[in-house]
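Comments concern the structure below.
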Amino acid sequence: MSRAFLVVMDSVGIGGAPDADQFFNGTVPDTGANTLLHIAQACAAGQAEEGRTGPLHLPTLDALGLGRAVELASGEAAPNLTARPTGRWGAATELSKGKDTPSGHWELAGLPVPWDWTYLPDTVPSFPDDITQRICDLAGTDGILGNCHSNGVRVIETFGAEHLRTGKPICYTSADSVVQIAAHEEAFGLDRLLKLCQDLAPMCHGRRIGRVIARPFVGQEGSFERTTNRRDYAIAPPEPVLTNWVQDAGQAVIGIGKIGDIFSMAGIDTVHKGSDARLMAHLAHQIDTAPEGALIFANFVEFDSKYGHRRDVSGYARALEWFDAKLAKLLPKLKPDDLLLITADHGNDPTWTGTDHTRERVPVLIAGTGEGEIGHVGFVDVAASIAKHLGVASKGSGRSFL
């Protein structure tokens, strides 16, 4: 029996989304955003030299078809990504009307989001009064800090010292359908923060706000740092998805990274968490030990959280090159009947305006099923293809490209 490894490089988009003009960073539409292409262009121009140098070097991903996928998606060739593919490759287009983590992952698992998400306005305050009051009641405070659109690093730098003085949680949102709450792990308490977010989540989910995210941090004023103890409390998928299909067939489903949070553990047996470096070690271990018939579903989030939102081109390039080098060591360990599929859930172009995700197509790169172009496919086709490979029934609208 075969195994399948579905690996999401969080936010590694490749441009070309046909509806990008309908999605915005502030007042600027995402038309023309292209995470991978623009990073490669910056590297080739000597504009991404912090901690690395020269053209973007991704020989393993390029050999699977990354360069061809970028050109297929956007019509533009990426510098230094010109290899003849030895894997199967294509570009996937999303149907769901979102450019966020749940939308992308649900659809990759076979379920386009069946409703419109609720987004909080880019005003101060951003939160409705009753949500603000609920946070205060749960936290036992007489107010909150932030109550605005922001990225996580900036909001902690701005309000962290006041948070330590007052004990009030730092609350913020973004262009995603999300409520994020940041608090100091020691002064506020990690368990207290997690319970606050967990207890707030049902109210937000009832309004189609997709996630409540706990964002713990440590340190002192001037040197705050977010930790890896983030927790996402997401709406559970309203219908069975790929993880359920596989689990219901009696086969193991193993999550790596924030997969368990994204799917509210629906159809997932066990989850392994940690930094991306730690997650790579977990992925390697699963390649060595996962049982026949297993689905291993992994998300590597730091492309997005550490570099995309911070508009750090050099850091994003370093992360890509690190991932590529690690992948080169994993591919030879795959068993003859294994499938490893690498994709993304949305874009986050670090050269783009603003700090939000960007609406883009994503690569589909497959090792273990021969070579050749699969062309333009849907996110839902990823789920159908993995189901076929694992010998389980696909219950979504996708069609297998295998």
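Chain labels follow the order of the structure tokens: the first chain is A, the next B, and so on; residue numbering restarts at 1 in every chain, and ligands are counted from 1 in their shown order.
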Using 9 Å as the limit and counting only C-alpha atoms, can you tabulate each residue of stretch 241-319 of chain A that touches stretch 340-354 of chain A, with its shortest atom-to-atom distance in Å and the two atoms involved, as a Markdown table?
| residue | atom | partner | partner_atom | distance |
| --- | --- | --- | --- | --- |
| A:Asn299 | CA | A:Ala344 | CA | 8.8 |
| A:Phe303 | CA | A:Asn348 | CA | 8.6 |
| A:Asp304 | CA | A:Asn348 | CA | 6.5 |
| A:Tyr307 | CA | A:Pro350 | CA | 7.2 |
| A:Gly308 | CA | A:Pro350 | CA | 5.0 |
| A:His309 | CA | A:Asn348 | CA | 6.8 |
| A:Arg310 | CA | A:Pro350 | CA | 7.3 |
| A:Arg311 | CA | A:Pro350 | CA | 4.0 |
| A:Asp312 | CA | A:Pro350 | CA | 5.9 |
| A:Val313 | CA | A:Pro350 | CA | 5.6 |
| A:Tyr316 | CA | A:Pro350 | CA | 7.8 |
Exercise. Report as number ranges by chain: the residues of stretch 191-303 of chain A with a DSSP assignment of alpha helix (DSSP H), based on the backbone of this structure.
Key: A: 191-205, 242-248, 259-262, 276-289, 302
Can I get the residues of stretch 61-127 of chain A within 6 Å of stretch 146-152 of chain A, each with the closest pair of atoms and their distance in Å to one decimal, using only C-alpha atoms, sorted chain first then ascending number, as JSON lines?
{"residue": "A:Asp122", "atom": "CA", "partner": "A:His149", "partner_atom": "CA", "distance": 5.7}
{"residue": "A:Val124", "atom": "CA", "partner": "A:Cys148", "partner_atom": "CA", "distance": 5.3}
{"residue": "A:Pro125", "atom": "CA", "partner": "A:Asn147", "partner_atom": "CA", "distance": 5.1}
{"residue": "A:Ser126", "atom": "CA", "partner": "A:Cys148", "partner_atom": "CA", "distance": 5.0}
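The space between atom CA of A:Leu200 and atom CA of A:Cys171 spans 12.2 Å.
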Using only C-alpha atoms, find each residue in stretch 57-99 of chain A having at least one atom no more than 6 Å away from stretch 7-28 of chain A; report its shortest atom-to-atom pair and that distance in Å (one decimal), rows by chain then rising number, as JSON lines.
{"residue": "A:Val70", "atom": "CA", "partner": "A:Ile14", "partner_atom": "CA", "distance": 5.2}
{"residue": "A:Ala73", "atom": "CA", "partner": "A:Gly16", "partner_atom": "CA", "distance": 5.1}
{"residue": "A:Ser74", "atom": "CA", "partner": "A:Gly16", "partner_atom": "CA", "distance": 4.2}
Using only C-alpha atoms, what does the table of stretch 301-363 of chain A residues within 10 Å of stretch 56-68 of chain A look like, with each row giving the shortest atom pair and its distance in Å to one decimal, sorted by chain and ascending number, as JSON lines?
{"residue": "A:Ser314", "atom": "CA", "partner": "A:Leu56", "partner_atom": "CA", "distance": 10.0}
{"residue": "A:Ala317", "atom": "CA", "partner": "A:Leu56", "partner_atom": "CA", "distance": 6.8}
{"residue": "A:Arg318", "atom": "CA", "partner": "A:Leu56", "partner_atom": "CA", "distance": 8.8}
{"residue": "A:Leu320", "atom": "CA", "partner": "A:Leu58", "partner_atom": "CA", "distance": 7.3}
{"residue": "A:Glu321", "atom": "CA", "partner": "A:Leu58", "partner_atom": "CA", "distance": 5.8}
{"residue": "A:Trp322", "atom": "CA", "partner": "A:Leu58", "partner_atom": "CA", "distance": 9.0}
{"residue": "A:Phe323", "atom": "CA", "partner": "A:Leu58", "partner_atom": "CA", "distance": 8.7}
{"residue": "A:Asp324", "atom": "CA", "partner": "A:Leu58", "partner_atom": "CA", "distance": 5.7}
{"residue": "A:Ala325", "atom": "CA", "partner": "A:Thr60", "partner_atom": "CA", "distance": 7.3}
{"residue": "A:Lys326", "atom": "CA", "partner": "A:Thr60", "partner_atom": "CA", "distance": 9.2}
{"residue": "A:Leu327", "atom": "CA", "partner": "A:Thr60", "partner_atom": "CA", "distance": 7.0}
{"residue": "A:Ala328", "atom": "CA", "partner": "A:Thr60", "partner_atom": "CA", "distance": 5.8}
{"residue": "A:Lys329", "atom": "CA", "partner": "A:Thr60", "partner_atom": "CA", "distance": 9.6}
{"residue": "A:Leu331", "atom": "CA", "partner": "A:Thr60", "partner_atom": "CA", "distance": 9.2}
{"residue": "A:Leu341", "atom": "CA", "partner": "A:Leu64", "partner_atom": "CA", "distance": 9.9}
{"residue": "A:Ile342", "atom": "CA", "partner": "A:Leu61", "partner_atom": "CA", "distance": 9.0}
{"residue": "A:Thr343", "atom": "CA", "partner": "A:Leu66", "partner_atom": "CA", "distance": 10.0}
{"residue": "A:Val362", "atom": "CA", "partner": "A:Leu66", "partner_atom": "CA", "distance": 10.0}
{"residue": "A:Pro363", "atom": "CA", "partner": "A:Leu66", "partner_atom": "CA", "distance": 6.8}
Preceding selection exported with N, CA, C and O atoms as a short mmCIF file (atom, residue, chain, number, x, y, z; two decimals), in the first residue's frame:
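As a result, result.cif now contains:
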data_model
loop_
_atom_site.label_atom_id
_atom_site.label_comp_id
_atom_site.auth_asym_id
_atom_site.auth_seq_id
_atom_site.Cartn_x
_atom_site.Cartn_y
_atom_site.Cartn_z
N SER A 314 15.29 38.95 1.85
CA SER A 314 16.46 38.11 2.11
C SER A 314 16.11 36.93 3.00
O SER A 314 16.54 35.80 2.76
N ALA A 317 14.19 34.36 1.07
CA ALA A 317 15.09 33.61 0.18
C ALA A 317 15.92 32.60 0.97
O ALA A 317 16.11 31.45 0.54
N ARG A 318 16.42 33.00 2.13
CA ARG A 318 17.18 32.06 2.97
C ARG A 318 16.33 30.87 3.36
O ARG A 318 16.79 29.71 3.34
N LEU A 320 13.72 29.62 1.80
CA LEU A 320 13.51 28.77 0.62
C LEU A 320 14.73 27.90 0.35
O LEU A 320 14.60 26.70 0.06
N GLU A 321 15.90 28.50 0.43
CA GLU A 321 17.13 27.74 0.15
C GLU A 321 17.38 26.69 1.23
O GLU A 321 17.85 25.57 0.93
N TRP A 322 17.06 27.01 2.48
CA TRP A 322 17.16 26.01 3.55
C TRP A 322 16.22 24.85 3.29
O TRP A 322 16.62 23.68 3.40
N PHE A 323 14.97 25.14 2.96
CA PHE A 323 13.99 24.10 2.69
C PHE A 323 14.46 23.22 1.53
O PHE A 323 14.36 21.99 1.59
N ASP A 324 14.96 23.84 0.48
CA ASP A 324 15.40 23.09 -0.70
C ASP A 324 16.53 22.12 -0.34
O ASP A 324 16.53 20.96 -0.78
N ALA A 325 17.49 22.59 0.45
CA ALA A 325 18.61 21.73 0.83
C ALA A 325 18.14 20.56 1.69
O ALA A 325 18.63 19.43 1.53
N LYS A 326 17.21 20.81 2.60
CA LYS A 326 16.68 19.73 3.42
C LYS A 326 15.88 18.73 2.58
O LYS A 326 15.96 17.51 2.78
N LEU A 327 15.10 19.26 1.63
CA LEU A 327 14.31 18.39 0.76
C LEU A 327 15.20 17.45 -0.04
O LEU A 327 14.84 16.28 -0.27
N ALA A 328 16.34 17.93 -0.45
CA ALA A 328 17.26 17.11 -1.23
C ALA A 328 17.68 15.86 -0.46
O ALA A 328 17.93 14.80 -1.06
N LYS A 329 17.74 15.96 0.87
CA LYS A 329 18.13 14.81 1.68
C LYS A 329 16.95 13.87 1.94
O LYS A 329 17.17 12.69 2.26
N LEU A 331 14.20 13.29 -0.28
CA LEU A 331 13.65 12.60 -1.46
C LEU A 331 14.24 11.20 -1.67
O LEU A 331 13.48 10.27 -1.99
N LEU A 341 3.91 15.45 -2.40
CA LEU A 341 3.37 16.58 -3.16
C LEU A 341 3.62 17.87 -2.39
O LEU A 341 3.22 17.98 -1.23
N ILE A 342 4.28 18.82 -3.04
CA ILE A 342 4.60 20.11 -2.44
C ILE A 342 3.74 21.18 -3.08
O ILE A 342 3.65 21.27 -4.32
N THR A 343 3.11 22.00 -2.26
CA THR A 343 2.24 23.06 -2.77
C THR A 343 2.26 24.22 -1.79
O THR A 343 3.13 24.32 -0.92
N VAL A 362 -0.65 28.67 -6.90
CA VAL A 362 0.39 28.00 -6.12
C VAL A 362 0.98 26.85 -6.93
O VAL A 362 0.32 26.30 -7.82
N PRO A 363 2.22 26.48 -6.63
CA PRO A 363 2.83 25.36 -7.36
C PRO A 363 2.27 24.03 -6.90
O PRO A 363 1.82 23.88 -5.76
#
Running DSSP on the backbone, which parts of stretch 32-200 of chain A land in strand (DSSP E), as an mmCIF file with C-alpha atoms, in the first residue's frame?
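Saved result, part_10.cif, follows:
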data_model
loop_
_atom_site.group_PDB
_atom_site.id
_atom_site.type_symbol
_atom_site.label_atom_id
_atom_site.label_comp_id
_atom_site.auth_asym_id
_atom_site.auth_seq_id
_atom_site.Cartn_x
_atom_site.Cartn_y
_atom_site.Cartn_z
ATOM 1 C CA ARG A 88 5.342 16.152 -12.250
ATOM 2 C CA TRP A 89 4.418 19.807 -12.027
ATOM 3 C CA GLY A 90 1.616 22.284 -12.508
ATOM 4 C CA ALA A 91 -0.112 25.320 -11.041
ATOM 5 C CA ALA A 92 -3.246 25.311 -8.885
ATOM 6 C CA THR A 93 -5.955 27.977 -8.797
ATOM 7 C CA LEU A 145 -4.745 47.090 23.788
ATOM 8 C CA GLY A 146 -4.441 47.484 20.021
ATOM 9 C CA ASN A 147 -7.948 46.882 18.659
ATOM 10 C CA CYS A 148 -6.629 47.569 15.176
ATOM 11 C CA HIS A 149 -5.208 46.090 11.982
ATOM 12 C CA ILE A 170 -2.999 42.921 22.865
ATOM 13 C CA CYS A 171 -5.760 42.332 20.310
ATOM 14 C CA TYR A 172 -5.481 42.855 16.574
ATOM 15 C CA THR A 173 -6.650 41.622 13.184
ATOM 16 C CA VAL A 178 -9.122 36.503 12.198
ATOM 17 C CA VAL A 179 -8.909 37.751 15.775
ATOM 18 C CA GLN A 180 -5.366 37.572 17.163
ATOM 19 C CA ILE A 181 -4.502 37.989 20.829
ATOM 20 C CA ALA A 182 -0.915 38.476 21.945
ATOM 21 C CA ALA A 183 0.242 38.171 25.538
ATOM 22 C CA HIS A 184 3.474 37.604 27.438
#
Quiz prompt | Long-range neighbours of A:Ser385 as an MDAnalysis selection string, 8 Å cut-off, only C-alpha atoms, 2 positions minimum in chain | solution = chainID A and resid 381:383 387:389 399:402
Residues from the last selection, N, CA, C and O atoms, saved as an mmCIF file, in the first residue's frame:
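The resulting out_19.cif:
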data_model
loop_
_atom_site.group_PDB
_atom_site.id
_atom_site.type_symbol
_atom_site.label_atom_id
_atom_site.label_comp_id
_atom_site.auth_asym_id
_atom_site.auth_seq_id
_atom_site.Cartn_x
_atom_site.Cartn_y
_atom_site.Cartn_z
ATOM 1 N N ASP A 381 -8.312 19.522 -6.691
ATOM 2 C CA ASP A 381 -7.759 18.375 -7.412
ATOM 3 C C ASP A 381 -6.598 17.735 -6.654
ATOM 4 O O ASP A 381 -6.285 16.556 -6.862
ATOM 5 N N VAL A 382 -5.946 18.522 -5.789
ATOM 6 C CA VAL A 382 -4.883 17.961 -4.944
ATOM 7 C C VAL A 382 -5.458 16.865 -4.046
ATOM 8 O O VAL A 382 -4.909 15.767 -3.943
ATOM 9 N N ALA A 383 -6.587 17.152 -3.402
ATOM 10 C CA ALA A 383 -7.212 16.156 -2.522
ATOM 11 C C ALA A 383 -7.630 14.921 -3.294
ATOM 12 O O ALA A 383 -7.411 13.781 -2.846
ATOM 13 N N ALA A 387 -6.156 11.171 -2.640
ATOM 14 C CA ALA A 387 -7.094 10.088 -2.319
ATOM 15 C C ALA A 387 -6.921 8.918 -3.277
ATOM 16 O O ALA A 387 -6.897 7.754 -2.858
ATOM 17 N N LYS A 388 -6.784 9.225 -4.559
ATOM 18 C CA LYS A 388 -6.588 8.140 -5.536
ATOM 19 C C LYS A 388 -5.307 7.379 -5.243
ATOM 20 O O LYS A 388 -5.277 6.134 -5.297
ATOM 21 N N HIS A 389 -4.241 8.112 -4.954
ATOM 22 C CA HIS A 389 -2.967 7.462 -4.677
ATOM 23 C C HIS A 389 -3.073 6.534 -3.462
ATOM 24 O O HIS A 389 -2.474 5.446 -3.450
ATOM 25 N N ARG A 399 -10.871 16.444 -9.302
ATOM 26 C CA ARG A 399 -10.549 15.313 -10.189
ATOM 27 C C ARG A 399 -9.060 15.047 -10.095
ATOM 28 O O ARG A 399 -8.244 15.966 -10.099
ATOM 29 N N SER A 400 -8.703 13.782 -10.061
ATOM 30 C CA SER A 400 -7.303 13.413 -9.939
ATOM 31 C C SER A 400 -6.526 13.773 -11.196
ATOM 32 O O SER A 400 -7.004 13.567 -12.315
ATOM 33 N N PHE A 401 -5.322 14.314 -11.001
ATOM 34 C CA PHE A 401 -4.432 14.578 -12.134
ATOM 35 C C PHE A 401 -3.331 13.533 -12.226
ATOM 36 O O PHE A 401 -2.396 13.673 -12.994
ATOM 37 N N LEU A 402 -3.440 12.448 -11.454
ATOM 38 C CA LEU A 402 -2.444 11.383 -11.530
ATOM 39 C C LEU A 402 -2.775 10.442 -12.689
ATOM 40 O O LEU A 402 -3.950 10.121 -12.929
#
Practice problem: Compare A:Thr101, A:Asn80, A:Thr289, A:Thr123 by their minimum atom-to-atom distance to A:Phe263, counting only C-alpha atoms, and give me the closest one. | Solution: A:Thr101
Exercise. Go ahead and compute the interatomic distance for atom CA of A:Ile366 and atom CA of A:Ala109, in Å to one decimal.
Key: 16.1 Å
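Using only C-alpha atoms, the smallest distance between any of A:Glu225, A:Glu239, A:Asp116, A:Asp137 and A:Lys306 comes from A:Glu225.
Between A:Ala175 and the residues A:Ala201, A:Thr355, A:Gly260, A:Arg207, the shortest atom-to-atom distance, using only C-alpha atoms, involves A:Thr355.
Each of A:Pro336, A:Gly315, A:Pro202, A:Gly398 was checked against A:Cys43 using only C-alpha atoms; the smallest atom-to-atom distance is that of A:Gly315.
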Self-check item: Å distance separating atom CA of A:Val153 from atom CA of A:Met203, one decimal place
Solution: 26.0 Å
